[in-house]
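Encoded as structure tokens, the structure appears first; notes follow it.
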Amino acid sequence: REKEAVNEFAYMRGSRELLKAVWDGNAYWLQSPSGYKRKSSITETEDVSYVSSAYIPQCLRYGGRPTLSNAHRAHESGDSAKDNIRDNDLDEVITLNSVSIIVAEYIPFGANQIVQLNNNVGSTERVQGGFISPAIDDDFAETSIEMSPELTSVEILDYTLTNHINFEAEIRFPEDAGVVQVETFGISLNAEGTCFYGMQIEAVMERIKDNISLDHLSRILVDVQQDSSAIVDSVVSQYQRDLLNLIFIGDAPNRNKVNLIIANEITPHLTAEEYMDRGEYENEFKQIIGDTKAAYDISEHDTLVFGAHGLLVCGPHSRLHEPLLCAYLQFITLD
């Protein structure tokens with residue numbers, strides 16, 4: 001039965017013509033020598049319903065009010081909300097409790113850009129923040145402007161005029177029917193160029209706070225990577241956007257970032273050596289941090305796992321290591 005499924009995918013229907021993957025600049029197509037082709041869905045990302053709150057590690061804060069919690073809205077992702085995952089038989093081996101996600105990247109910044117950014121979002125004004133969009137008004141002589149609903153709501157938390165800014169950003173991008181995503185980021189930008197996008201997971205589907213599956217978390221991370229690009233693109237300057245497009249050869253919205261996942265508990269709790277089993281445990285980790293490189297027991301209860309695209313720290317004392325982890329992220333985002 002499995003062989004039939006593989007043949008159906010690899011060959012043109014009703015023949016033994018092998019299909020070849022071809023990239024046309026926008027999508028992958030499966031093409032046969034005789035001219036038959038069909039569009040591949042490999043690049044389509046699946047969505048899950050989730051509720052998140054803004055999260056910025058305390059080591060990146062310089063006063064200001066704490067981030068607001070959406071814990072009171074956690075039920076929304078379970079109330080008849082849906083997902084569009086095509087794999088109906090998710091094999092859950094590892095689950096995490098009380099999960100925070102920090103996605104980091106490097107964007108060329110400097111003191112002048114931070115000053116401009118603070119002015120753009122109104123940090124220095126009596127009424128701070130507001131709705132931000134990267135759209136340019138082409139017809140500025142007109143008395144009205146029509147905007148799409150895909151605006152970013154920005155609330156300033158703290159800032160220094162030439163060195164950093166921390167703010168909350170809530171985004172309202174349209175999702176598929178039935179998919180509920182309450183998406184609020186805590187964003188920390190500094191003059192060195194490191195950008196941190198933080199999120200506390202309040203609920204995924206019907207699971208509130210705890211017992212979060214890595215299968216679901218991997219889908220959320222893709223969402224966070226894409227949406228964080230959209231948010232930061234709406235607040236940085238055109239010059240910085242041009243630089244990013246130059247570096248990533250016109251594909252800046254899909255640029256790679258580094259993931260840091262912090263969890264208060266992991267189930268099952270094993271030693272680092274047992275997690276590196278070249279089997280189902282490593283395969284679970286690969287979904288969220290890429291190819292696993294190494295794992296360490298940093299205490300009796302805390303474990304650190306390094307991957308090609310980030311790292312996972314879990315255990316009751318994992319958040320004590322945030323200053324060191326954020327410093328590490330600053331270095332590897334430059335790499």
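Here, A, B, ... name the chains of the structure tokens in the order displayed, residue numbers run from 1 inside each chain, and ligands are numbered from 1 in the same displayed order.
For region 24-124 of chain A, a DSSP pass over the backbone yields helix (DSSP H, G or I) at Gln58, Cys59, Leu60, Ala71, His72, Arg73, Ala74, His75, Glu76, Ser77, Ala111, Asn112, Gln113, Ile114, Val115, Gln116, Leu117, Asn118, Asn119 and Asn120 of chain A.
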Using only C-alpha atoms, which residues sit within 12 Å of Gly290 (chain A) once same-chain residues fewer than 2 positions away are excluded, as a PDB file with N, CA and C atoms, in the first residue's frame?
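What follows is the written file around_0.pdb:
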ATOM      1  N   SER A 218       5.694  23.672  15.331  1.00  0.00           N
ATOM      2  CA  SER A 218       6.442  23.886  14.082  1.00  0.00           C
ATOM      3  C   SER A 218       5.627  24.728  13.104  1.00  0.00           C
ATOM      4  N   LEU A 221       5.736  28.350  14.323  1.00  0.00           N
ATOM      5  CA  LEU A 221       7.032  28.990  14.054  1.00  0.00           C
ATOM      6  C   LEU A 221       7.118  29.512  12.621  1.00  0.00           C
ATOM      7  N   ASN A 256      15.669  33.680   6.463  1.00  0.00           N
ATOM      8  CA  ASN A 256      15.845  32.781   7.603  1.00  0.00           C
ATOM      9  C   ASN A 256      16.060  33.558   8.886  1.00  0.00           C
ATOM     10  N   LYS A 257      15.552  33.001   9.990  1.00  0.00           N
ATOM     11  CA  LYS A 257      15.772  33.586  11.312  1.00  0.00           C
ATOM     12  C   LYS A 257      16.170  32.464  12.259  1.00  0.00           C
ATOM     13  N   VAL A 258      16.600  32.840  13.456  1.00  0.00           N
ATOM     14  CA  VAL A 258      17.045  31.858  14.453  1.00  0.00           C
ATOM     15  C   VAL A 258      15.958  31.717  15.515  1.00  0.00           C
ATOM     16  N   ASN A 259      15.585  30.476  15.833  1.00  0.00           N
ATOM     17  CA  ASN A 259      14.534  30.216  16.826  1.00  0.00           C
ATOM     18  C   ASN A 259      15.131  29.898  18.196  1.00  0.00           C
ATOM     19  N   LEU A 260      14.576  30.501  19.224  1.00  0.00           N
ATOM     20  CA  LEU A 260      14.892  30.105  20.598  1.00  0.00           C
ATOM     21  C   LEU A 260      13.575  29.737  21.259  1.00  0.00           C
ATOM     22  N   GLU A 282      14.768  12.839  18.143  1.00  0.00           N
ATOM     23  CA  GLU A 282      15.493  13.803  17.312  1.00  0.00           C
ATOM     24  C   GLU A 282      14.621  14.324  16.174  1.00  0.00           C
ATOM     25  N   ASN A 283      13.804  13.442  15.598  1.00  0.00           N
ATOM     26  CA  ASN A 283      12.912  13.874  14.518  1.00  0.00           C
ATOM     27  C   ASN A 283      11.918  14.924  14.993  1.00  0.00           C
ATOM     28  N   GLU A 284      11.460  14.800  16.240  1.00  0.00           N
ATOM     29  CA  GLU A 284      10.553  15.796  16.812  1.00  0.00           C
ATOM     30  C   GLU A 284      11.262  17.145  16.936  1.00  0.00           C
ATOM     31  N   PHE A 285      12.487  17.135  17.472  1.00  0.00           N
ATOM     32  CA  PHE A 285      13.235  18.381  17.635  1.00  0.00           C
ATOM     33  C   PHE A 285      13.537  19.042  16.297  1.00  0.00           C
ATOM     34  N   LYS A 286      13.791  18.214  15.273  1.00  0.00           N
ATOM     35  CA  LYS A 286      14.143  18.746  13.954  1.00  0.00           C
ATOM     36  C   LYS A 286      13.025  19.617  13.373  1.00  0.00           C
ATOM     37  N   GLN A 287      11.802  19.366  13.793  1.00  0.00           N
ATOM     38  CA  GLN A 287      10.678  20.158  13.282  1.00  0.00           C
ATOM     39  C   GLN A 287      10.774  21.624  13.697  1.00  0.00           C
ATOM     40  N   ILE A 288      11.399  21.886  14.856  1.00  0.00           N
ATOM     41  CA  ILE A 288      11.383  23.266  15.358  1.00  0.00           C
ATOM     42  C   ILE A 288      12.757  23.941  15.372  1.00  0.00           C
ATOM     43  N   THR A 292      19.489  18.463  14.462  1.00  0.00           N
ATOM     44  CA  THR A 292      20.042  18.547  15.817  1.00  0.00           C
ATOM     45  C   THR A 292      21.553  18.335  15.782  1.00  0.00           C
ATOM     46  N   LYS A 293      22.268  19.206  16.515  1.00  0.00           N
ATOM     47  CA  LYS A 293      23.733  19.139  16.542  1.00  0.00           C
ATOM     48  C   LYS A 293      24.228  18.517  17.840  1.00  0.00           C
ATOM     49  N   ALA A 294      23.667  18.968  18.981  1.00  0.00           N
ATOM     50  CA  ALA A 294      24.133  18.483  20.283  1.00  0.00           C
ATOM     51  C   ALA A 294      23.085  18.780  21.336  1.00  0.00           C
ATOM     52  N   VAL A 305      19.173  21.938  23.855  1.00  0.00           N
ATOM     53  CA  VAL A 305      19.366  21.216  22.585  1.00  0.00           C
ATOM     54  C   VAL A 305      19.704  22.234  21.497  1.00  0.00           C
ATOM     55  N   PHE A 306      20.832  22.033  20.809  1.00  0.00           N
ATOM     56  CA  PHE A 306      21.248  22.908  19.704  1.00  0.00           C
ATOM     57  C   PHE A 306      20.803  22.302  18.385  1.00  0.00           C
ATOM     58  N   GLY A 307      20.295  23.160  17.485  1.00  0.00           N
ATOM     59  CA  GLY A 307      19.921  22.717  16.145  1.00  0.00           C
ATOM     60  C   GLY A 307      20.474  23.669  15.102  1.00  0.00           C
ATOM     61  N   ALA A 308      20.316  23.321  13.841  1.00  0.00           N
ATOM     62  CA  ALA A 308      20.850  24.141  12.747  1.00  0.00           C
ATOM     63  C   ALA A 308      20.163  25.502  12.664  1.00  0.00           C
ATOM     64  N   HIS A 309      18.876  25.574  13.089  1.00  0.00           N
ATOM     65  CA  HIS A 309      18.122  26.829  12.961  1.00  0.00           C
ATOM     66  C   HIS A 309      17.746  27.427  14.311  1.00  0.00           C
ATOM     67  N   GLY A 310      18.359  26.944  15.396  1.00  0.00           N
ATOM     68  CA  GLY A 310      18.019  27.530  16.684  1.00  0.00           C
ATOM     69  C   GLY A 310      18.318  26.596  17.830  1.00  0.00           C
ATOM     70  N   LEU A 311      17.719  26.887  18.983  1.00  0.00           N
ATOM     71  CA  LEU A 311      17.953  26.052  20.151  1.00  0.00           C
ATOM     72  C   LEU A 311      16.724  25.986  21.037  1.00  0.00           C
ATOM     73  N   LEU A 312      16.667  24.908  21.809  1.00  0.00           N
ATOM     74  CA  LEU A 312      15.546  24.640  22.704  1.00  0.00           C
ATOM     75  C   LEU A 312      16.098  24.494  24.118  1.00  0.00           C
TER      76      LEU A 312
END
Pick from A:Ser53, A:Thr267, A:Gln240, A:Thr152, whichever lies nearest to Asn112 (chain A) using only C-alpha atoms: A:Gln240
What's around Ala10 (chain A) at 12 Å? Count only C-alpha atoms, leave out sequence neighbours fewer than 2 positions away in its own chain, and write the answer as a ChimeraX atom specification. /A:3-8,12-21,30-32,37-38,40
Could you tell me how far CA of Leu60 (chain A) lies from CA of Tyr197 (chain A), in Å and to one decimal? 11.5 Å
Thr271 (chain A) environment, 9 Å, only C-alpha atoms, sequence neighbours closer than 5 positions dropped, as a ChimeraX atom specification: /A:295-297,300-301,303
Selection: 9 Å around Arg73 (chain A), only C-alpha atoms, excl. self and same-chain fewer than 5 positions, as a CSV table (one decimal) with all heavy atoms, in the first residue's frame:
chain,number,residue,atom,x,y,z
A,51,VAL,N,-3.5,31.2,20.4
A,51,VAL,CA,-3.6,32.5,21.1
A,51,VAL,C,-2.2,32.7,21.7
A,51,VAL,O,-1.7,31.9,22.3
A,51,VAL,CB,-4.7,32.5,22.2
A,51,VAL,CG1,-4.7,33.8,22.9
A,51,VAL,CG2,-6.1,32.2,21.6
A,52,SER,N,-1.7,33.9,21.5
A,52,SER,CA,-0.4,34.3,22.0
A,52,SER,C,-0.4,35.6,22.7
A,52,SER,O,-1.3,36.5,22.4
A,52,SER,CB,0.7,34.2,20.9
A,52,SER,OG,0.4,35.2,20.0
A,182,VAL,N,-4.8,34.7,17.4
A,182,VAL,CA,-4.7,35.9,18.2
A,182,VAL,C,-3.2,36.1,18.3
A,182,VAL,O,-2.5,35.5,19.1
A,182,VAL,CB,-5.3,35.9,19.6
A,182,VAL,CG1,-5.1,37.1,20.4
A,182,VAL,CG2,-6.8,35.6,19.4
A,202,GLU,N,-0.3,31.0,24.7
A,202,GLU,CA,-1.3,30.9,25.7
A,202,GLU,C,-2.2,29.6,25.4
A,202,GLU,O,-2.6,29.0,26.4
A,202,GLU,CB,-2.2,32.1,25.7
A,202,GLU,CG,-1.5,33.4,26.0
A,202,GLU,CD,-0.9,33.5,27.4
A,202,GLU,OE1,-1.2,32.6,28.2
A,202,GLU,OE2,-0.2,34.5,27.7
A,203,ALA,N,-2.4,29.3,24.2
A,203,ALA,CA,-3.2,28.1,23.8
A,203,ALA,C,-2.9,27.8,22.3
A,203,ALA,O,-2.7,28.6,21.5
A,203,ALA,CB,-4.7,28.4,24.0
Work out how far CA of Ala104 (chain A) is from CA of Val179 (chain A), in Å to one decimal. 26.0 Å
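Each of A:Ser77, A:Asn97, A:Thr333, A:Asn264 was checked against His317 (chain A) using only C-alpha atoms; the smallest atom-to-atom distance is that of A:Asn264.
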CA of Leu329 (chain A) to CA of Gly64 (chain A), straight-line distance in Å: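 These two atoms are separated by 23.6 Å.
Nearest residue to Asn163 (chain A), choosing from A:Glu183, A:Glu192, A:Asp233, A:Asp242 and counting only C-alpha atoms: A:Glu192.
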Extract, using only C-alpha atoms, all DNA, RNA and protein residues at most 10 Å from Asn118 (chain A), discarding same-chain residues fewer than 5 positions from it, and format them as an MDAnalysis selection string. chainID A and resid 112:113 123:125 128:129 156 159:165 235
Find the residue from A:Leu270, A:Ile102, A:Leu320, A:Val236 that sits nearest to Asn119 (chain A); use only C-alpha atoms when measuring.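 With only C-alpha atoms as the atom set, the closest residue is A:Val236.
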Please provide the set of residues having any atom within 9 Å of Gly186 (chain A), restricted to only C-alpha atoms, with same-chain residues fewer than 2 positions apart removed, written as an mmCIF file with N, CA, C and O atoms, in the first residue's frame.
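Ended up saving to selection.cif:
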data_model
loop_
_atom_site.group_PDB
_atom_site.id
_atom_site.type_symbol
_atom_site.label_atom_id
_atom_site.label_comp_id
_atom_site.auth_asym_id
_atom_site.auth_seq_id
_atom_site.Cartn_x
_atom_site.Cartn_y
_atom_site.Cartn_z
ATOM 1 N N SER A 53 0.562 35.849 23.567
ATOM 2 C CA SER A 53 0.779 37.158 24.179
ATOM 3 C C SER A 53 2.173 37.637 23.809
ATOM 4 O O SER A 53 3.057 36.834 23.507
ATOM 5 N N ALA A 54 2.372 38.959 23.884
ATOM 6 C CA ALA A 54 3.699 39.516 23.634
ATOM 7 C C ALA A 54 4.654 39.069 24.735
ATOM 8 O O ALA A 54 4.261 38.943 25.894
ATOM 9 N N TYR A 55 5.908 38.816 24.353
ATOM 10 C CA TYR A 55 6.901 38.365 25.323
ATOM 11 C C TYR A 55 8.256 38.980 24.974
ATOM 12 O O TYR A 55 8.716 38.863 23.839
ATOM 13 N N ILE A 56 8.838 39.690 25.940
ATOM 14 C CA ILE A 56 10.201 40.222 25.773
ATOM 15 C C ILE A 56 10.981 39.830 27.023
ATOM 16 O O ILE A 56 10.555 40.140 28.137
ATOM 17 N N THR A 67 4.472 43.669 29.473
ATOM 18 C CA THR A 67 3.648 43.289 28.311
ATOM 19 C C THR A 67 2.293 42.786 28.797
ATOM 20 O O THR A 67 2.182 42.231 29.896
ATOM 21 N N ASN A 166 11.532 48.980 22.492
ATOM 22 C CA ASN A 166 10.749 47.774 22.765
ATOM 23 C C ASN A 166 9.280 48.123 22.583
ATOM 24 O O ASN A 166 8.814 49.125 23.138
ATOM 25 N N PHE A 167 8.552 47.325 21.819
ATOM 26 C CA PHE A 167 7.128 47.600 21.644
ATOM 27 C C PHE A 167 6.341 46.314 21.434
ATOM 28 O O PHE A 167 6.901 45.265 21.119
ATOM 29 N N GLU A 168 5.035 46.425 21.678
ATOM 30 C CA GLU A 168 4.093 45.329 21.400
ATOM 31 C C GLU A 168 3.486 45.569 20.032
ATOM 32 O O GLU A 168 3.160 46.707 19.703
ATOM 33 N N ALA A 169 3.319 44.521 19.261
ATOM 34 C CA ALA A 169 2.681 44.656 17.952
ATOM 35 C C ALA A 169 1.621 43.580 17.800
ATOM 36 O O ALA A 169 1.906 42.396 17.979
ATOM 37 N N GLU A 170 0.413 44.009 17.521
ATOM 38 C CA GLU A 170 -0.670 43.050 17.258
ATOM 39 C C GLU A 170 -0.987 43.094 15.780
ATOM 40 O O GLU A 170 -1.174 44.172 15.206
ATOM 41 N N THR A 184 0.063 38.388 18.975
ATOM 42 C CA THR A 184 0.683 39.592 19.535
ATOM 43 C C THR A 184 2.155 39.324 19.776
ATOM 44 O O THR A 184 2.514 38.355 20.439
ATOM 45 N N SER A 188 11.824 43.714 20.170
ATOM 46 C CA SER A 188 12.941 44.486 20.716
ATOM 47 C C SER A 188 13.953 44.717 19.600
ATOM 48 O O SER A 188 14.487 43.763 19.031
ATOM 49 N N PHE A 196 14.645 41.054 18.028
ATOM 50 C CA PHE A 196 14.035 39.937 18.754
ATOM 51 C C PHE A 196 12.519 40.051 18.629
ATOM 52 O O PHE A 196 11.951 41.112 18.883
ATOM 53 N N TYR A 197 11.861 38.943 18.253
ATOM 54 C CA TYR A 197 10.396 38.896 18.191
ATOM 55 C C TYR A 197 9.950 37.806 19.171
ATOM 56 O O TYR A 197 10.248 36.629 18.951
ATOM 57 N N GLY A 198 9.276 38.188 20.241
ATOM 58 C CA GLY A 198 8.936 37.227 21.291
ATOM 59 C C GLY A 198 7.442 36.991 21.408
ATOM 60 O O GLY A 198 6.625 37.882 21.157
ATOM 61 N N MET A 199 7.101 35.765 21.797
ATOM 62 C CA MET A 199 5.688 35.380 21.877
ATOM 63 C C MET A 199 5.523 34.316 22.962
ATOM 64 O O MET A 199 6.294 33.358 23.016
#
When DSSP is applied to the backbone of this structure, which of region 48-256 of chain A are assigned strand (DSSP E)? Write them out as a PyMOL selection string. chain A and resi 50-54+95-106+130-132+152-160+164-171+181-190+194-204+207-208+212-213
